[in-house]
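> Quick one: structure below, then a few questions.
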Amino acid sequence: AFTVFIISYAYSRIIEYFPTGGGGYVVATHTLGKKAGVVSGSALIVDYVLTITVSIACCGNAVFSFLPLHYQQYKLGFEILAILFLIVMNIRGVKESIEVLTPIFIIFLLTHILLIGYGISSHASQIHAVSQKVQTDFHTGLSTLGWMGMGALFLRAYSMGGGTYTGIEAVSNGLQIMKDPKVKTGKRTMLYMASSLAITAGGLFVCYLLLNVRPMEGQTMNAILAKALYSDWSWGSELAIVTIFSEGALLMVAGQTGFIDGPRVMANMALDNWFPRRFASLSERLTMRNGVLLMGGAALCLLIYTKGSISTLIVMYSINVFLTFSLSELGMSKFFIKNRKTDPKWKHHLPVHLIGLVLCSTVLVITSYEKIGQGGWLTIVVTSLVIFICYLIKKHYNKVKAAMKKLDNNVVENMPSGFDYNHSDVDPQEMTAIQLVSGFSSLGVQTTLSILHNFPWLYKNIVFVSVCVVDTDSFKDREDLQKHEECTKQSLEKYVDYVRRLGMPATYRYEVGTDVIDLATQLCIQASKDFPKSTVFAGKLTFQQDKFYHKILHNDTSMAVQKNLQQFGITTVIMPVTVNINL
């Protein structure tokens, strides 16, 4: 309970100083640097995959606790189906999935208030005797193992509960989806989570001691507790089943954390070019769909590889949880030391983060040392592999950026001259090129020049079409929405000015929304109606040496729009813009 409150309080400070969300990745990147950030982000992604796997594996254990032992052979199949169910539900929509699963929490809450409350109150007379026995056992262990041995035993047990802390990081990471004021809501959520977690876990441990609960094959400790506690009730067996099944259902809800927050970490990393840019799309549907499939597929692979072994999965999970926590606490400690002259509260906050740093790093080192051969090596290998892939992706984008910069320089050096600036309005009755663009860049300019070069004097107008893509939260923030919209308008005006300098009339159209493909399709359809003699053009980045991973790392928005427009009989031409890189 003490450590839960320490870490929760530390993350409340993170919410306060990093109100845009992003959790451990953003904290490590801004306070410790990009290298620490990619390590923290990669550990978080693997962690959220493990969150799904651990939650579903524990759900399987809970559900099968009331079935005969010979049914255990079907548990892995049940867990695979549960992950597939969550994948399908999340693809249908996060909001819809939460609405379906929310009542489960209410049932869990009521049954566990009864379980813990009745368990302690009905055995209150035994509390003194049990506390005496615990005290005796502790002194016996101390005399046998010594302080170092008892400390190691405690830290080992503590580290095995690493999955407990999933929600703390998730609150910090998913701050942007909370109600306004987000910081206040996030801090209140953190307090509720810490309190409920400490009371529930502590209450269950006390009940184990009071009822002398011992492990049994094929059953969870809570299932044994519920059966023993309600054994004399007329509806006791049914109540025990409802209690444990609500746990299993809630564990399935806990798996939602991976599906919701995993893609958000990937989106943040994609903005910094550590992940494919398609994951950075602010269109919630596109980003979440790709992320859900990736997280769910990885969780399935881990579940099958470990055969649903809770002990192996928890060891893997604990290492990455405390790696992320350690980096976050180290970053915040550095932050307050660095800003001690400007932040009057630094003396108040720094001790909490230093305590959290010592606590988390100690557990990380001990868990890694003790469990390296029992699953710890796997999480180190997988996380290292993710980090390695991130660096390869970053290297590719850096080379593309350098190649595009050369194209940008050519555009600047070859600005049109010798033409009379055309102030005429566009004529809807003339041949018109409708060009899809996204920001004023060499890709868009090169596409325009390619149209004019390949179809000389055919088109008399150019209509630039763009989508101002925002996330759902931007619609709530009028100032943020206007900022995105103004940026889009400025880019389109640059295109219009460029073409008018070439002596050709031009105009633009744009729309604001969350789905670039649907909106771009609608804009092009409307423009085609307004300009009957028109052709839609879009630019596509191509490489002299095409590789299989180029389709993964670069969006195919133009191809998707072309496919949609073909269904309406609208001619759409993809104009290639080639860059030469050696990767």
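The way I read the labels, and the way they are meant: chains A, B, ... in the order of the structure tokens, residue 1 as the first residue of every chain, and ligand 1 as the first ligand shown, with later ones counted on from there.
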Counting only C-alpha atoms, give me one row per residue of range 231-309 of chain A with an atom at most 12 Å from an atom of range 357-377 of chain A, showing the shortest contact pair and its distance in Å to one decimal, sorted by chain then residue number, as CSV.

residue,atom,partner,partner_atom,distance
A:Leu302,CA,A:Gly375,CA,11.4
A:Tyr305,CA,A:Gly375,CA,11.1
A:Thr306,CA,A:Gly375,CA,9.0
A:Ser309,CA,A:Gly375,CA,10.1
> Residues within 12 Å of Ile574 in chain A, please, as a VMD selection string. Count only C-alpha atoms; anything in the same chain fewer than 2 positions from it doesn't count.
chain A and resid 434 to 436 444 447 to 448 450 to 451 535 to 542 556 to 563 571 to 572 576 to 577
> Residues as selected, N, CA and C atoms, written as a short mmCIF file (atom, residue, chain, number, x, y, z; two decimals), in the first residue's frame, can you do that?

data_model
loop_
_atom_site.label_atom_id
_atom_site.label_comp_id
_atom_site.auth_asym_id
_atom_site.auth_seq_id
_atom_site.Cartn_x
_atom_site.Cartn_y
_atom_site.Cartn_z
N ILE A 434 -7.50 18.64 -60.25
CA ILE A 434 -7.78 18.67 -58.82
C ILE A 434 -6.64 17.92 -58.13
N GLN A 435 -5.86 18.64 -57.34
CA GLN A 435 -4.67 18.03 -56.74
C GLN A 435 -4.80 17.89 -55.23
N LEU A 436 -4.58 16.67 -54.74
CA LEU A 436 -4.56 16.41 -53.30
C LEU A 436 -3.20 16.79 -52.73
N GLY A 444 4.37 18.10 -52.87
CA GLY A 444 3.23 18.72 -53.54
C GLY A 444 3.64 19.56 -54.73
N THR A 447 4.69 17.41 -57.61
CA THR A 447 3.50 16.83 -58.25
C THR A 447 2.85 17.83 -59.20
N THR A 448 2.75 19.09 -58.76
CA THR A 448 2.19 20.14 -59.62
C THR A 448 3.01 20.31 -60.90
N SER A 450 4.93 18.16 -62.24
CA SER A 450 4.81 16.94 -63.05
C SER A 450 3.52 16.95 -63.86
N ILE A 451 2.45 17.47 -63.27
CA ILE A 451 1.18 17.59 -64.01
C ILE A 451 1.35 18.51 -65.21
N THR A 535 -9.72 16.12 -63.65
CA THR A 535 -9.02 14.88 -63.29
C THR A 535 -8.39 15.09 -61.91
N VAL A 536 -8.47 14.08 -61.07
CA VAL A 536 -7.89 14.16 -59.73
C VAL A 536 -6.45 13.64 -59.78
N PHE A 537 -5.54 14.39 -59.18
CA PHE A 537 -4.13 14.00 -59.12
C PHE A 537 -3.68 13.93 -57.66
N ALA A 538 -2.76 13.02 -57.38
CA ALA A 538 -2.16 12.92 -56.05
C ALA A 538 -0.71 12.50 -56.21
N GLY A 539 0.15 13.01 -55.36
CA GLY A 539 1.56 12.65 -55.41
C GLY A 539 1.86 11.47 -54.49
N LYS A 540 2.83 10.69 -54.89
CA LYS A 540 3.24 9.55 -54.07
C LYS A 540 4.76 9.46 -54.08
N LEU A 541 5.32 9.38 -52.87
CA LEU A 541 6.77 9.26 -52.73
C LEU A 541 7.22 7.87 -53.16
N THR A 542 8.15 7.80 -54.09
CA THR A 542 8.69 6.52 -54.55
C THR A 542 10.21 6.52 -54.42
N ASP A 556 -0.09 5.14 -47.64
CA ASP A 556 -0.64 4.97 -48.98
C ASP A 556 -1.99 5.66 -49.08
N THR A 557 -2.06 6.88 -48.54
CA THR A 557 -3.32 7.62 -48.53
C THR A 557 -3.81 7.88 -49.95
N SER A 558 -2.89 8.25 -50.83
CA SER A 558 -3.28 8.56 -52.21
C SER A 558 -3.88 7.34 -52.91
N MET A 559 -3.33 6.17 -52.67
CA MET A 559 -3.85 4.95 -53.28
C MET A 559 -5.24 4.62 -52.74
N ALA A 560 -5.44 4.84 -51.42
CA ALA A 560 -6.74 4.56 -50.81
C ALA A 560 -7.81 5.50 -51.37
N VAL A 561 -7.46 6.79 -51.54
CA VAL A 561 -8.41 7.75 -52.10
C VAL A 561 -8.72 7.39 -53.56
N GLN A 562 -7.68 7.01 -54.31
CA GLN A 562 -7.89 6.61 -55.71
C GLN A 562 -8.87 5.45 -55.81
N LYS A 563 -8.72 4.46 -54.91
CA LYS A 563 -9.61 3.31 -54.92
C LYS A 563 -11.05 3.74 -54.64
N THR A 571 -11.79 9.79 -62.59
CA THR A 571 -10.42 9.48 -63.00
C THR A 571 -9.43 10.07 -62.01
N THR A 572 -8.56 9.22 -61.49
CA THR A 572 -7.57 9.65 -60.51
C THR A 572 -6.20 9.15 -60.93
N PRO A 576 4.21 9.93 -59.45
CA PRO A 576 5.34 9.55 -58.59
C PRO A 576 6.36 10.68 -58.45
N VAL A 577 6.85 10.84 -57.23
CA VAL A 577 7.96 11.76 -56.96
C VAL A 577 9.08 10.90 -56.37
#
> With range 242-251 of chain A as the partner and 10 Å as the cut-off, tabulate the residues of range 55-137 of chain A that qualify, each row holding the nearest pair of atoms and their distance in Å to one decimal, using only C-alpha atoms, sorted by chain and rising number, as JSON lines.

{"residue": "A:Ser55", "atom": "CA", "partner": "A:Leu251", "partner_atom": "CA", "distance": 5.1}
{"residue": "A:Ile56", "atom": "CA", "partner": "A:Leu251", "partner_atom": "CA", "distance": 6.5}
{"residue": "A:Ala57", "atom": "CA", "partner": "A:Leu251", "partner_atom": "CA", "distance": 8.8}
{"residue": "A:Cys58", "atom": "CA", "partner": "A:Leu251", "partner_atom": "CA", "distance": 6.9}
{"residue": "A:Cys59", "atom": "CA", "partner": "A:Gly248", "partner_atom": "CA", "distance": 4.1}
{"residue": "A:Gly60", "atom": "CA", "partner": "A:Gly248", "partner_atom": "CA", "distance": 6.9}
{"residue": "A:Asn61", "atom": "CA", "partner": "A:Gly248", "partner_atom": "CA", "distance": 7.9}
{"residue": "A:Ala62", "atom": "CA", "partner": "A:Gly248", "partner_atom": "CA", "distance": 5.3}
{"residue": "A:Val63", "atom": "CA", "partner": "A:Phe245", "partner_atom": "CA", "distance": 5.8}
{"residue": "A:Phe64", "atom": "CA", "partner": "A:Phe245", "partner_atom": "CA", "distance": 9.3}
{"residue": "A:Ser65", "atom": "CA", "partner": "A:Ile244", "partner_atom": "CA", "distance": 8.3}
{"residue": "A:Phe66", "atom": "CA", "partner": "A:Ile244", "partner_atom": "CA", "distance": 8.7}
{"residue": "A:Leu101", "atom": "CA", "partner": "A:Leu250", "partner_atom": "CA", "distance": 8.1}
{"residue": "A:Thr102", "atom": "CA", "partner": "A:Leu250", "partner_atom": "CA", "distance": 9.1}
{"residue": "A:Pro103", "atom": "CA", "partner": "A:Leu250", "partner_atom": "CA", "distance": 9.7}
{"residue": "A:Ile104", "atom": "CA", "partner": "A:Leu250", "partner_atom": "CA", "distance": 6.2}
{"residue": "A:Phe105", "atom": "CA", "partner": "A:Leu250", "partner_atom": "CA", "distance": 6.3}
{"residue": "A:Ile106", "atom": "CA", "partner": "A:Ser246", "partner_atom": "CA", "distance": 9.2}
{"residue": "A:Ile107", "atom": "CA", "partner": "A:Ser246", "partner_atom": "CA", "distance": 6.4}
{"residue": "A:Phe108", "atom": "CA", "partner": "A:Ser246", "partner_atom": "CA", "distance": 5.1}
{"residue": "A:Leu109", "atom": "CA", "partner": "A:Ser246", "partner_atom": "CA", "distance": 8.9}
{"residue": "A:Leu110", "atom": "CA", "partner": "A:Thr243", "partner_atom": "CA", "distance": 8.9}
{"residue": "A:Thr111", "atom": "CA", "partner": "A:Thr243", "partner_atom": "CA", "distance": 5.5}
{"residue": "A:His112", "atom": "CA", "partner": "A:Thr243", "partner_atom": "CA", "distance": 7.0}
{"residue": "A:Leu114", "atom": "CA", "partner": "A:Thr243", "partner_atom": "CA", "distance": 9.4}
{"residue": "A:Leu115", "atom": "CA", "partner": "A:Thr243", "partner_atom": "CA", "distance": 8.1}
> Could the residues in this selection be written to a file with N, CA and C atoms, as a compact mmCIF listing (two decimals), in the first residue's frame?

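Below is the file that was written, selection24.txt:
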# COMPACT_ATOMS: atom_id res chain seq x y z
N SER A 55 -3.41 -10.15 -18.26
CA SER A 55 -4.81 -9.98 -17.84
C SER A 55 -5.66 -11.16 -18.31
N ILE A 56 -5.49 -11.56 -19.57
CA ILE A 56 -6.30 -12.65 -20.11
C ILE A 56 -5.90 -13.99 -19.48
N ALA A 57 -4.60 -14.19 -19.24
CA ALA A 57 -4.15 -15.43 -18.59
C ALA A 57 -4.72 -15.53 -17.17
N CYS A 58 -4.72 -14.41 -16.44
CA CYS A 58 -5.31 -14.39 -15.09
C CYS A 58 -6.82 -14.58 -15.16
N CYS A 59 -7.44 -14.03 -16.18
CA CYS A 59 -8.88 -14.22 -16.39
C CYS A 59 -9.18 -15.70 -16.58
N GLY A 60 -8.36 -16.37 -17.39
CA GLY A 60 -8.53 -17.81 -17.59
C GLY A 60 -8.39 -18.59 -16.29
N ASN A 61 -7.41 -18.22 -15.48
CA ASN A 61 -7.23 -18.88 -14.18
C ASN A 61 -8.45 -18.72 -13.29
N ALA A 62 -9.01 -17.50 -13.28
CA ALA A 62 -10.18 -17.23 -12.44
C ALA A 62 -11.39 -18.04 -12.90
N VAL A 63 -11.66 -18.02 -14.19
CA VAL A 63 -12.84 -18.71 -14.73
C VAL A 63 -12.74 -20.22 -14.52
N PHE A 64 -11.53 -20.78 -14.72
CA PHE A 64 -11.37 -22.24 -14.62
C PHE A 64 -11.18 -22.71 -13.19
N SER A 65 -11.19 -21.78 -12.22
CA SER A 65 -11.07 -22.17 -10.81
C SER A 65 -12.26 -23.00 -10.34
N PHE A 66 -13.41 -22.85 -11.00
CA PHE A 66 -14.62 -23.55 -10.57
C PHE A 66 -14.93 -24.75 -11.48
N LEU A 101 -18.34 -3.18 -21.24
CA LEU A 101 -17.62 -3.76 -20.12
C LEU A 101 -17.80 -3.01 -18.80
N THR A 102 -18.31 -1.78 -18.84
CA THR A 102 -18.43 -0.98 -17.62
C THR A 102 -19.27 -1.65 -16.51
N PRO A 103 -20.42 -2.27 -16.80
CA PRO A 103 -21.21 -2.90 -15.72
C PRO A 103 -20.44 -3.97 -14.95
N ILE A 104 -19.44 -4.56 -15.60
CA ILE A 104 -18.65 -5.60 -14.93
C ILE A 104 -17.97 -5.03 -13.69
N PHE A 105 -17.49 -3.79 -13.80
CA PHE A 105 -16.80 -3.17 -12.68
C PHE A 105 -17.73 -3.01 -11.48
N ILE A 106 -18.99 -2.66 -11.74
CA ILE A 106 -19.96 -2.46 -10.66
C ILE A 106 -20.18 -3.77 -9.91
N ILE A 107 -20.35 -4.87 -10.66
CA ILE A 107 -20.54 -6.18 -10.03
C ILE A 107 -19.30 -6.57 -9.21
N PHE A 108 -18.12 -6.33 -9.79
CA PHE A 108 -16.88 -6.63 -9.08
C PHE A 108 -16.80 -5.84 -7.77
N LEU A 109 -17.13 -4.57 -7.85
CA LEU A 109 -17.03 -3.69 -6.68
C LEU A 109 -17.94 -4.19 -5.56
N LEU A 110 -19.19 -4.48 -5.87
CA LEU A 110 -20.15 -4.92 -4.86
C LEU A 110 -19.75 -6.25 -4.24
N THR A 111 -19.37 -7.22 -5.09
CA THR A 111 -19.02 -8.55 -4.57
C THR A 111 -17.76 -8.51 -3.72
N HIS A 112 -16.82 -7.64 -4.04
CA HIS A 112 -15.56 -7.63 -3.30
C HIS A 112 -15.65 -6.77 -2.03
N LEU A 114 -18.30 -6.98 -0.24
CA LEU A 114 -18.87 -8.02 0.60
C LEU A 114 -17.82 -9.04 1.02
N LEU A 115 -17.00 -9.48 0.04
CA LEU A 115 -15.97 -10.50 0.31
C LEU A 115 -14.99 -10.03 1.39
> Can you write out as a tab-separated table which residues of range 207-276 of chain A fall within 12 Å of range 130-141 of chain A, alongside each residue's closest atom pair and its distance in Å to one decimal, counting only C-alpha atoms and ordering rows by chain and ascending residue number?

residue	atom	partner	partner_atom	distance
A:Cys207	CA	A:Val130	CA	10.7
A:Tyr208	CA	A:Val130	CA	10.6
A:Leu209	CA	A:Val130	CA	6.9
A:Leu210	CA	A:Val130	CA	6.6
A:Leu211	CA	A:Val130	CA	9.7
A:Asn212	CA	A:Val130	CA	9.3
> Write out the residues from the selection above, keeping N, CA and C atoms, as a compact mmCIF listing (two decimals), in the first residue's frame.

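So the final result, stored in part.txt, reads:
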# COMPACT_ATOMS: atom_id res chain seq x y z
N CYS A 207 -7.55 -11.26 4.65
CA CYS A 207 -8.51 -12.37 4.61
C CYS A 207 -7.80 -13.72 4.43
N TYR A 208 -6.74 -13.74 3.59
CA TYR A 208 -5.97 -14.98 3.42
C TYR A 208 -5.45 -15.46 4.77
N LEU A 209 -4.94 -14.52 5.56
CA LEU A 209 -4.36 -14.88 6.86
C LEU A 209 -5.44 -15.33 7.85
N LEU A 210 -6.55 -14.60 7.89
CA LEU A 210 -7.60 -14.90 8.86
C LEU A 210 -8.25 -16.25 8.58
N LEU A 211 -8.40 -16.60 7.30
CA LEU A 211 -9.04 -17.88 6.95
C LEU A 211 -8.02 -18.97 6.63
N ASN A 212 -6.73 -18.65 6.82
CA ASN A 212 -5.65 -19.63 6.60
C ASN A 212 -5.74 -20.24 5.19
> Can you measure CA of Lys494 in chain A to CA of Val467 in chain A for me? One decimal in Å is fine.
15.5 Å
> Produce a table with one row for each residue of range 235-295 of chain A that has an atom at most 10 Å from any atom of range 382-394 of chain A, each row naming the nearest atom pair and its distance in Å at one decimal; use only C-alpha atoms; arrange rows by chain and rising residue number; format as CSV.

residue,atom,partner,partner_atom,distance
A:Met269,CA,A:Cys390,CA,9.0
A:Ala270,CA,A:Lys394,CA,9.4
A:Asp272,CA,A:Lys394,CA,8.3
A:Asn273,CA,A:Lys394,CA,5.4
A:Trp274,CA,A:Cys390,CA,4.8
A:Phe275,CA,A:Cys390,CA,6.1
A:Pro276,CA,A:Ile393,CA,7.2
A:Arg277,CA,A:Ile393,CA,9.8
> Excluding Pro68 in chain A and any residue of its chain fewer than 5 positions from it, enumerate the residues within 12 Å of it, using only C-alpha atoms, and give them as number ranges by chain.
A: 63, 73-75, 217-219
> From the options A:Gly513, A:Gly331, A:Gly203, A:Gly262, which residue's atoms come nearest to Gly37 in chain A, counting only C-alpha atoms?
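Using only C-alpha atoms, the shortest distance to Gly37 in chain A belongs to A:Gly331.
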> Enter the distance from CA of Gln126 in chain A to CA of Arg214 in chain A, in Å, rounded to one decimal.
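Interatomic distance here is 17.3 Å.
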> Please list as a list in words every residue within 7 Å of Ser40 in chain A, counting only C-alpha atoms and excluding residues in the same chain fewer than 5 positions away.
Gly24, Tyr25, Ala28, Thr324 and Leu327 of chain A
> Enumerate the residues of range 330-546 of chain A with a DSSP assignment of helix (DSSP H, G or I), computed from the backbone, and present them as a PyMOL selection string.
chain A and resi 330-338+346-370+372-413+442-454+472-475+478-501+516-530
> Find the residues near Thr189 in chain A: any atom within 9 Å, counting only C-alpha atoms, skip ones fewer than 5 places away on the same chain, and give them as a PyMOL selection string.
chain A and resi 171+184+194
> Store the residues picked out above in a file with N, CA, C and O atoms, as a short mmCIF file (atom, residue, chain, number, x, y, z; two decimals), in the first residue's frame.

data_model
loop_
_atom_site.label_atom_id
_atom_site.label_comp_id
_atom_site.auth_asym_id
_atom_site.auth_seq_id
_atom_site.Cartn_x
_atom_site.Cartn_y
_atom_site.Cartn_z
N VAL A 171 -2.87 5.93 -16.66
CA VAL A 171 -3.53 7.22 -16.39
C VAL A 171 -2.68 8.36 -16.93
O VAL A 171 -3.18 9.28 -17.59
N LYS A 184 -6.65 17.95 -13.39
CA LYS A 184 -7.40 17.71 -12.16
C LYS A 184 -8.07 16.34 -12.21
O LYS A 184 -8.07 15.60 -11.21
N ALA A 194 -5.12 4.53 -6.53
CA ALA A 194 -4.20 4.14 -5.46
C ALA A 194 -4.97 3.67 -4.23
O ALA A 194 -4.62 2.66 -3.61
#
> So how many Å separate CA of Val496 in chain A and CA of Gly439 in chain A, to one decimal?
12.3 Å
